[in-house]
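Encoded as structure tokens, the structure appears first; notes follow it.
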Amino acid sequence: MLKRSGIDWLHVALIQGGPVHGVNPLRLIASLLKLAVGWVQSLALIGRWRVDRIFITGGWASLPVALAGWLRRVPVYAFVPDIEPGLTLKVASRFARRVAATTADSAVYFRPGQVVETGYPLRRSLLAATRAEGQAHFGLDPALRTLLVLGGSSGARTINRALVGALPDLLADETLQIVHVTGRLDWAEVRAARERLPAGQQARYHCHEYLHDDMGLALAAADLAVNRAGASTLGEFPAFGLPAILVPYPHAWRYQKVNADFLVSRGAAARLDDERLASDLCSTVRGLLGDEAALQRMAERARILARPDGAWNIARLVTGLEDA
């Protein structure tokens with residue numbers, strides 16, 4: 001993506017790192033050795049590239065880079081996309097001058113005055129998408145309501161399978177059409193399920209393995225979304241005023257639950273836990289789509305949270321314009 005953007009000074013280096021939380025002693029020792037190597041690598045790269053700023057977003061490799069930058073007196077800036085930062089970002093932020101955050105709710109995890117609320121960075125192409133363009137791109141009927149179901153780039157298996165199980169009931173409503181992004185892991189299974197649908201229902205069920213440049217078009221065309229509660233939901237759904245049913249990923253720390261509860265508490269989304277998907281997805285979708293007033297309220301409250309200038313705000317902070 002950086003190469004496509006026309007940046008011609010791109011350099012890529014692999015920095016050693018590894019997890020230190022919740023791992024067995026042998027892996028902990030290996031990780032500490034890798035982090036030490038990564039710190040030496042970072043010191044060398046900062047000098048070789050004559051680095052003026054360091055920008056980190058978490059991940060194991062960010063820790064030795066942040067420490068090396070702090071020791072070399074290079075300003076370090078961090079971005080926390082989720083509301084609650086991961087452990088590595090919490091530690092690495094101790095070496096950061098400022099922390100950009102999607103929402104001000106992240107401030108409780110950092111030292112006083114360190115956090116700047118910037119919003120979530122969104123691509124210009126995504127923000128430029130319109131409803132009419134989205135409907136035309138995906139071959140949707142403008143007279144029907146559109147449910148967008150996102151299974152992630154790899155695939156959220158429980159979401160994909162719950163939707164496949166609910167397709168006959170959902171598509172029995174002839175006023176509904178579905179755009180389903182499956183992810184690569186479940187693509188063959190979902191495509192086969194589509195072939196088993198009656199012809200009339202197939203025409204209203206649009207499944208895709210993956211979307212990137214046309215994701216904005218899908219968001220713009222939708223009336224309701226079903227998705228995990230990753231950090232992008234904090235930026236993308238408000239930008240389009242898109243009501244959502246959020247299904248936090250259950251097999252990780254509570255980041256997605258915190259994200260989902262943020263939008264739910266502000267009336268912009270509903271939360272459906274993973275273990276209830278198979279039994280409650282259909283009724284939850286029907287309940288929301290059947291209450292136009294409630295759906296409109298959710299859309300309005302989502303729009304209140306929109307920060308379409310998130311990328312610009314982060315750039316201003318990192319380049320020092322924020323303090324100018």
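Letters for chains follow the order of the structure tokens (A, B, ...), residue numbers begin at 1 for each chain, and ligand numbers begin at 1 in the order shown.
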
### Task
Check the DSSP output for the backbone and give back, as a list in words, the residues of segment 28-57 of chain A in alpha helix (DSSP H).
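Everything in segment 28-57 of chain A that counts as alpha helix (DSSP H) is Leu28, Ile29, Ala30, Ser31, Leu32, Leu33, Lys34, Leu35, Ala36, Val37, Gly38, Trp39, Val40, Gln41, Ser42, Leu43, Ala44, Leu45, Ile46, Gly47, Arg48 and Trp49 of chain A.
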
When you look at segment 188-205 of chain A with a cut-off of 10 Å (counting only C-alpha atoms), what residues show up, excluding the ones that are within fewer than 6 positions of it in the same chain? I need them as a PDB file with C-alpha atoms, in the first residue's frame.
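See around_28.pdb below for the written result:
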```
ATOM      1  CA  GLY A 139     -25.548  -4.806  -8.068  1.00  0.00           C
ATOM      2  CA  LEU A 140     -27.931  -4.025  -5.205  1.00  0.00           C
ATOM      3  CA  ASP A 141     -31.583  -3.057  -5.508  1.00  0.00           C
ATOM      4  CA  LEU A 144     -34.390  -3.088  -0.650  1.00  0.00           C
ATOM      5  CA  THR A 146     -29.077  -4.052   2.839  1.00  0.00           C
ATOM      6  CA  LEU A 147     -27.444  -6.120   5.571  1.00  0.00           C
ATOM      7  CA  ASN A 160     -19.954 -16.856   8.796  1.00  0.00           C
ATOM      8  CA  ARG A 161     -21.592 -20.082   9.904  1.00  0.00           C
ATOM      9  CA  LEU A 163     -25.217 -16.288   8.865  1.00  0.00           C
ATOM     10  CA  VAL A 164     -25.215 -19.318   6.560  1.00  0.00           C
ATOM     11  CA  GLY A 165     -27.551 -21.074   8.991  1.00  0.00           C
ATOM     12  CA  LEU A 167     -29.886 -17.335   5.349  1.00  0.00           C
ATOM     13  CA  PRO A 168     -33.149 -19.147   4.521  1.00  0.00           C
ATOM     14  CA  LEU A 170     -33.446 -13.903   6.595  1.00  0.00           C
ATOM     15  CA  LEU A 171     -33.894 -14.090   2.835  1.00  0.00           C
ATOM     16  CA  ALA A 172     -37.491 -15.199   3.236  1.00  0.00           C
ATOM     17  CA  ASP A 173     -38.009 -11.464   3.761  1.00  0.00           C
ATOM     18  CA  GLU A 174     -38.105 -10.275   0.161  1.00  0.00           C
ATOM     19  CA  THR A 175     -37.318  -6.703   1.215  1.00  0.00           C
ATOM     20  CA  LEU A 176     -33.821  -7.743   2.397  1.00  0.00           C
ATOM     21  CA  GLN A 177     -30.560  -8.225   0.507  1.00  0.00           C
ATOM     22  CA  ILE A 178     -27.241  -9.268   2.022  1.00  0.00           C
ATOM     23  CA  VAL A 179     -23.619  -8.418   1.250  1.00  0.00           C
ATOM     24  CA  HIS A 180     -21.366 -10.964   2.981  1.00  0.00           C
ATOM     25  CA  VAL A 181     -17.563 -10.644   3.120  1.00  0.00           C
ATOM     26  CA  THR A 182     -16.403 -14.062   4.270  1.00  0.00           C
TER      27      THR A 182
END
```

### Residue among A:Ala156, A:Pro243, A:Ala260, A:Gly119 lying closest to Trp312 of chain A, counting only C-alpha atoms
A:Gly119

### Task
Choose the residue, out of A:Ile46, A:Ala66, A:Leu263, A:Leu277, that has the smallest atom-to-atom separation from Arg157 of chain A; count only C-alpha atoms.
A:Leu277

### Message
Set the distance at 10 Å and use only C-alpha atoms: which residues neighbour Gly47 of chain A once local chain neighbours fewer than 5 positions away are removed? I'd like the list as a ChimeraX atom specification.
### Response
/A:42,69,72

Taking C-alpha atoms for each residue, export the selection above as a short mmCIF file (atom, residue, chain, number, x, y, z; two decimals), in the first residue's frame.
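Output below, filename again36.cif:
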```cif
data_model
loop_
_atom_site.label_atom_id
_atom_site.label_comp_id
_atom_site.auth_asym_id
_atom_site.auth_seq_id
_atom_site.Cartn_x
_atom_site.Cartn_y
_atom_site.Cartn_z
CA SER A 42 16.78 -0.31 16.32
CA GLY A 69 14.36 6.14 20.19
CA ARG A 72 18.74 8.46 21.19
#
```

### Query
Looking at A:Leu127, A:Leu28, A:Ala306, A:Leu122, which one is nearest to Ser232 of chain A, with distances taken over only C-alpha atoms?
A:Leu122

### Task
Could you tell me how far atom CA of Tyr77 of chain A lies from atom CA of Arg316 of chain A, in Å and to one decimal?
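Distance between the two atoms: 11.4 Å.
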
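Note that atom CA of Ala269 of chain A and atom CA of Arg297 of chain A are 10.1 Å apart.
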
### Task
as a PyMOL selection string, please: all residues of segment 17-254 of chain A that backbone DSSP puts in strand (DSSP E).
chain A and resi 54-56+76-80+98-101+115-117+145-150+176-181+205-208+224-227+244-246

Just-selected residues, C-alpha atoms written as a JSON list (two decimals), in the first residue's frame:
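Final file, selection-v4.json:
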```json
[["chain", "number", "residue", "atom", "x", "y", "z"],
["A", 54, "ILE", "CA", 9.23, 7.39, 15.56],
["A", 55, "PHE", "CA", 5.59, 6.34, 15.25],
["A", 56, "ILE", "CA", 4.42, 3.10, 16.87],
["A", 76, "VAL", "CA", 8.41, 8.81, 19.93],
["A", 77, "TYR", "CA", 4.68, 9.01, 19.19],
["A", 78, "ALA", "CA", 2.19, 6.21, 19.67],
["A", 79, "PHE", "CA", -1.28, 5.50, 18.34],
["A", 80, "VAL", "CA", -3.77, 3.35, 20.25],
["A", 98, "ARG", "CA", 2.37, 11.87, 23.05],
["A", 99, "VAL", "CA", -0.21, 9.17, 22.40],
["A", 100, "ALA", "CA", -2.83, 9.62, 19.70],
["A", 101, "ALA", "CA", -6.09, 7.86, 20.54],
["A", 115, "VAL", "CA", -3.22, 11.39, 25.21],
["A", 116, "VAL", "CA", -4.52, 13.44, 22.28],
["A", 117, "GLU", "CA", -7.91, 12.39, 20.90],
["A", 145, "ARG", "CA", -32.67, -2.85, 2.72],
["A", 146, "THR", "CA", -29.08, -4.05, 2.84],
["A", 147, "LEU", "CA", -27.44, -6.12, 5.57],
["A", 148, "LEU", "CA", -23.63, -6.10, 5.50],
["A", 149, "VAL", "CA", -21.91, -9.01, 7.25],
["A", 150, "LEU", "CA", -18.13, -8.87, 7.66],
["A", 176, "LEU", "CA", -33.82, -7.74, 2.40],
["A", 177, "GLN", "CA", -30.56, -8.23, 0.51],
["A", 178, "ILE", "CA", -27.24, -9.27, 2.02],
["A", 179, "VAL", "CA", -23.62, -8.42, 1.25],
["A", 180, "HIS", "CA", -21.37, -10.96, 2.98],
["A", 181, "VAL", "CA", -17.56, -10.64, 3.12],
["A", 205, "TYR", "CA", -27.25, -12.75, -1.44],
["A", 206, "HIS", "CA", -23.93, -11.24, -2.57],
["A", 207, "CYS", "CA", -20.91, -13.00, -1.06],
["A", 208, "HIS", "CA", -17.29, -11.94, -1.51],
["A", 224, "LEU", "CA", -27.11, -2.47, 9.14],
["A", 225, "ALA", "CA", -23.80, -4.27, 9.70],
["A", 226, "VAL", "CA", -22.75, -7.40, 11.58],
["A", 227, "ASN", "CA", -19.07, -7.46, 12.48],
["A", 244, "ALA", "CA", -24.15, -2.32, 13.82],
["A", 245, "ILE", "CA", -24.51, -5.60, 15.64],
["A", 246, "LEU", "CA", -21.08, -6.12, 17.14]]
```

### Task
Find the spatial neighbours of Trp70 of chain A, counting only C-alpha atoms, within a cut-off of 12 Å - ignore same-chain residues fewer than 2 positions away - and output them as a PyMOL selection string.
chain A and resi 39+42-43+46+51-54+63-68+72-77+92-97

Those same residues, written as a PDB file, in the first residue's frame with C-alpha atoms?
```pdb
ATOM      1  CA  TRP A  39      16.930  -3.041  20.552  1.00  0.00           C
ATOM      2  CA  SER A  42      16.778  -0.314  16.320  1.00  0.00           C
ATOM      3  CA  LEU A  43      19.710   1.716  17.626  1.00  0.00           C
ATOM      4  CA  ILE A  46      17.876   5.060  13.865  1.00  0.00           C
ATOM      5  CA  VAL A  51      15.390   9.205  12.080  1.00  0.00           C
ATOM      6  CA  ASP A  52      13.551  12.398  13.129  1.00  0.00           C
ATOM      7  CA  ARG A  53      10.358  10.829  14.483  1.00  0.00           C
ATOM      8  CA  ILE A  54       9.233   7.388  15.561  1.00  0.00           C
ATOM      9  CA  LEU A  63       9.043  -1.973  22.299  1.00  0.00           C
ATOM     10  CA  PRO A  64      12.766  -2.142  21.340  1.00  0.00           C
ATOM     11  CA  VAL A  65      12.191   0.615  18.752  1.00  0.00           C
ATOM     12  CA  ALA A  66      10.573   2.926  21.305  1.00  0.00           C
ATOM     13  CA  LEU A  67      13.314   2.274  23.860  1.00  0.00           C
ATOM     14  CA  ALA A  68      16.048   2.902  21.284  1.00  0.00           C
ATOM     15  CA  ARG A  72      18.743   8.464  21.186  1.00  0.00           C
ATOM     16  CA  ARG A  73      16.514  11.431  22.069  1.00  0.00           C
ATOM     17  CA  VAL A  74      14.269  10.872  19.038  1.00  0.00           C
ATOM     18  CA  PRO A  75      10.645  11.868  19.724  1.00  0.00           C
ATOM     19  CA  VAL A  76       8.406   8.810  19.933  1.00  0.00           C
ATOM     20  CA  TYR A  77       4.680   9.013  19.187  1.00  0.00           C
ATOM     21  CA  ALA A  92       6.241   1.286  25.024  1.00  0.00           C
ATOM     22  CA  SER A  93       4.159   4.423  25.626  1.00  0.00           C
ATOM     23  CA  ARG A  94       6.352   5.202  28.643  1.00  0.00           C
ATOM     24  CA  PHE A  95       8.973   6.285  26.114  1.00  0.00           C
ATOM     25  CA  ALA A  96       6.476   8.244  24.000  1.00  0.00           C
ATOM     26  CA  ARG A  97       6.061  11.994  24.003  1.00  0.00           C
TER      27      ARG A  97
END
```

### Query
To one decimal place, how far is atom CA of Val258 of chain A from atom CA of Ala61 of chain A in Å?
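Separation of atom CA of Val258 of chain A and atom CA of Ala61 of chain A: 24.5 Å.
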
### Message
With only C-alpha atoms as the counted atoms, please give the residues lying no more than 10 Å from Leu35 of chain A, apart from itself and same-chain residues fewer than 4 positions off, as a PyMOL selection string.
### Response
chain A and resi 15-20+29-31+39-41+60-65

### Task
Using only C-alpha atoms, pick whichever of A:Thr118, A:Leu272, A:Asp82, A:Leu219 has the shortest atom-to-atom distance to Val318 of chain A.
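Among the listed residues, A:Thr118 lies closest to Val318 of chain A.
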
### Task
Please provide the set of residues having any atom within 8 Å of Gln256 of chain A, restricted to only C-alpha atoms, with same-chain residues fewer than 6 positions apart removed, written as number ranges by chain.
A: 82, 228-231, 248-249

Please produce a file of the residues just selected, as an mmCIF file, in the first residue's frame, where the atoms kept are C-alpha atoms.
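Dumped to again-v8.cif:
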```cif
data_model
loop_
_atom_site.group_PDB
_atom_site.id
_atom_site.type_symbol
_atom_site.label_atom_id
_atom_site.label_comp_id
_atom_site.auth_asym_id
_atom_site.auth_seq_id
_atom_site.Cartn_x
_atom_site.Cartn_y
_atom_site.Cartn_z
ATOM 1 C CA ASP A 82 -8.555 0.244 20.296
ATOM 2 C CA ARG A 228 -16.427 -8.163 15.080
ATOM 3 C CA ALA A 229 -15.550 -5.164 17.242
ATOM 4 C CA GLY A 230 -12.010 -4.444 16.102
ATOM 5 C CA ALA A 231 -10.603 -0.938 16.227
ATOM 6 C CA PRO A 248 -16.578 -9.245 20.108
ATOM 7 C CA TYR A 249 -13.949 -11.895 19.444
#
```

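Using only C-alpha atoms, the protein and nucleic acid residues lying no more than 9 Å from Thr158 of chain A, apart from those fewer than 6 places from it along its own chain, are Gly151, Asp274, Glu275, Leu277 and Ala278 of chain A.
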
Dump as a tab-separated table the rows for residues of segment 156-267 of chain A within 7 Å of segment 128-131 of chain A: closest atom pair and distance in Å with one decimal, only C-alpha atoms counted, ordered by chain and rising residue number.
```
residue	atom	partner	partner_atom	distance
A:Gly216	CA	A:Ala129	CA	5.5
A:Leu217	CA	A:Ala129	CA	5.2
A:Ala220	CA	A:Arg131	CA	4.7
A:Ala221	CA	A:Arg131	CA	4.5
```

Can you write just those residues out, C-alpha atoms, as a short mmCIF file (atom, residue, chain, number, x, y, z; two decimals), in the first residue's frame?
```
data_model
loop_
_atom_site.label_atom_id
_atom_site.label_comp_id
_atom_site.auth_asym_id
_atom_site.auth_seq_id
_atom_site.Cartn_x
_atom_site.Cartn_y
_atom_site.Cartn_z
CA GLY A 216 -16.16 1.97 1.55
CA LEU A 217 -18.77 1.24 -1.10
CA ALA A 220 -22.03 3.25 2.25
CA ALA A 221 -24.63 0.90 0.74
#
```

### Task
Could you tell me which of A:Gly58, A:Pro81, A:Gly22, A:Gly6 comes closest to Thr233 of chain A if we count only C-alpha atoms?
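Looking at the shortest contact to Thr233 of chain A, the residue is A:Pro81.
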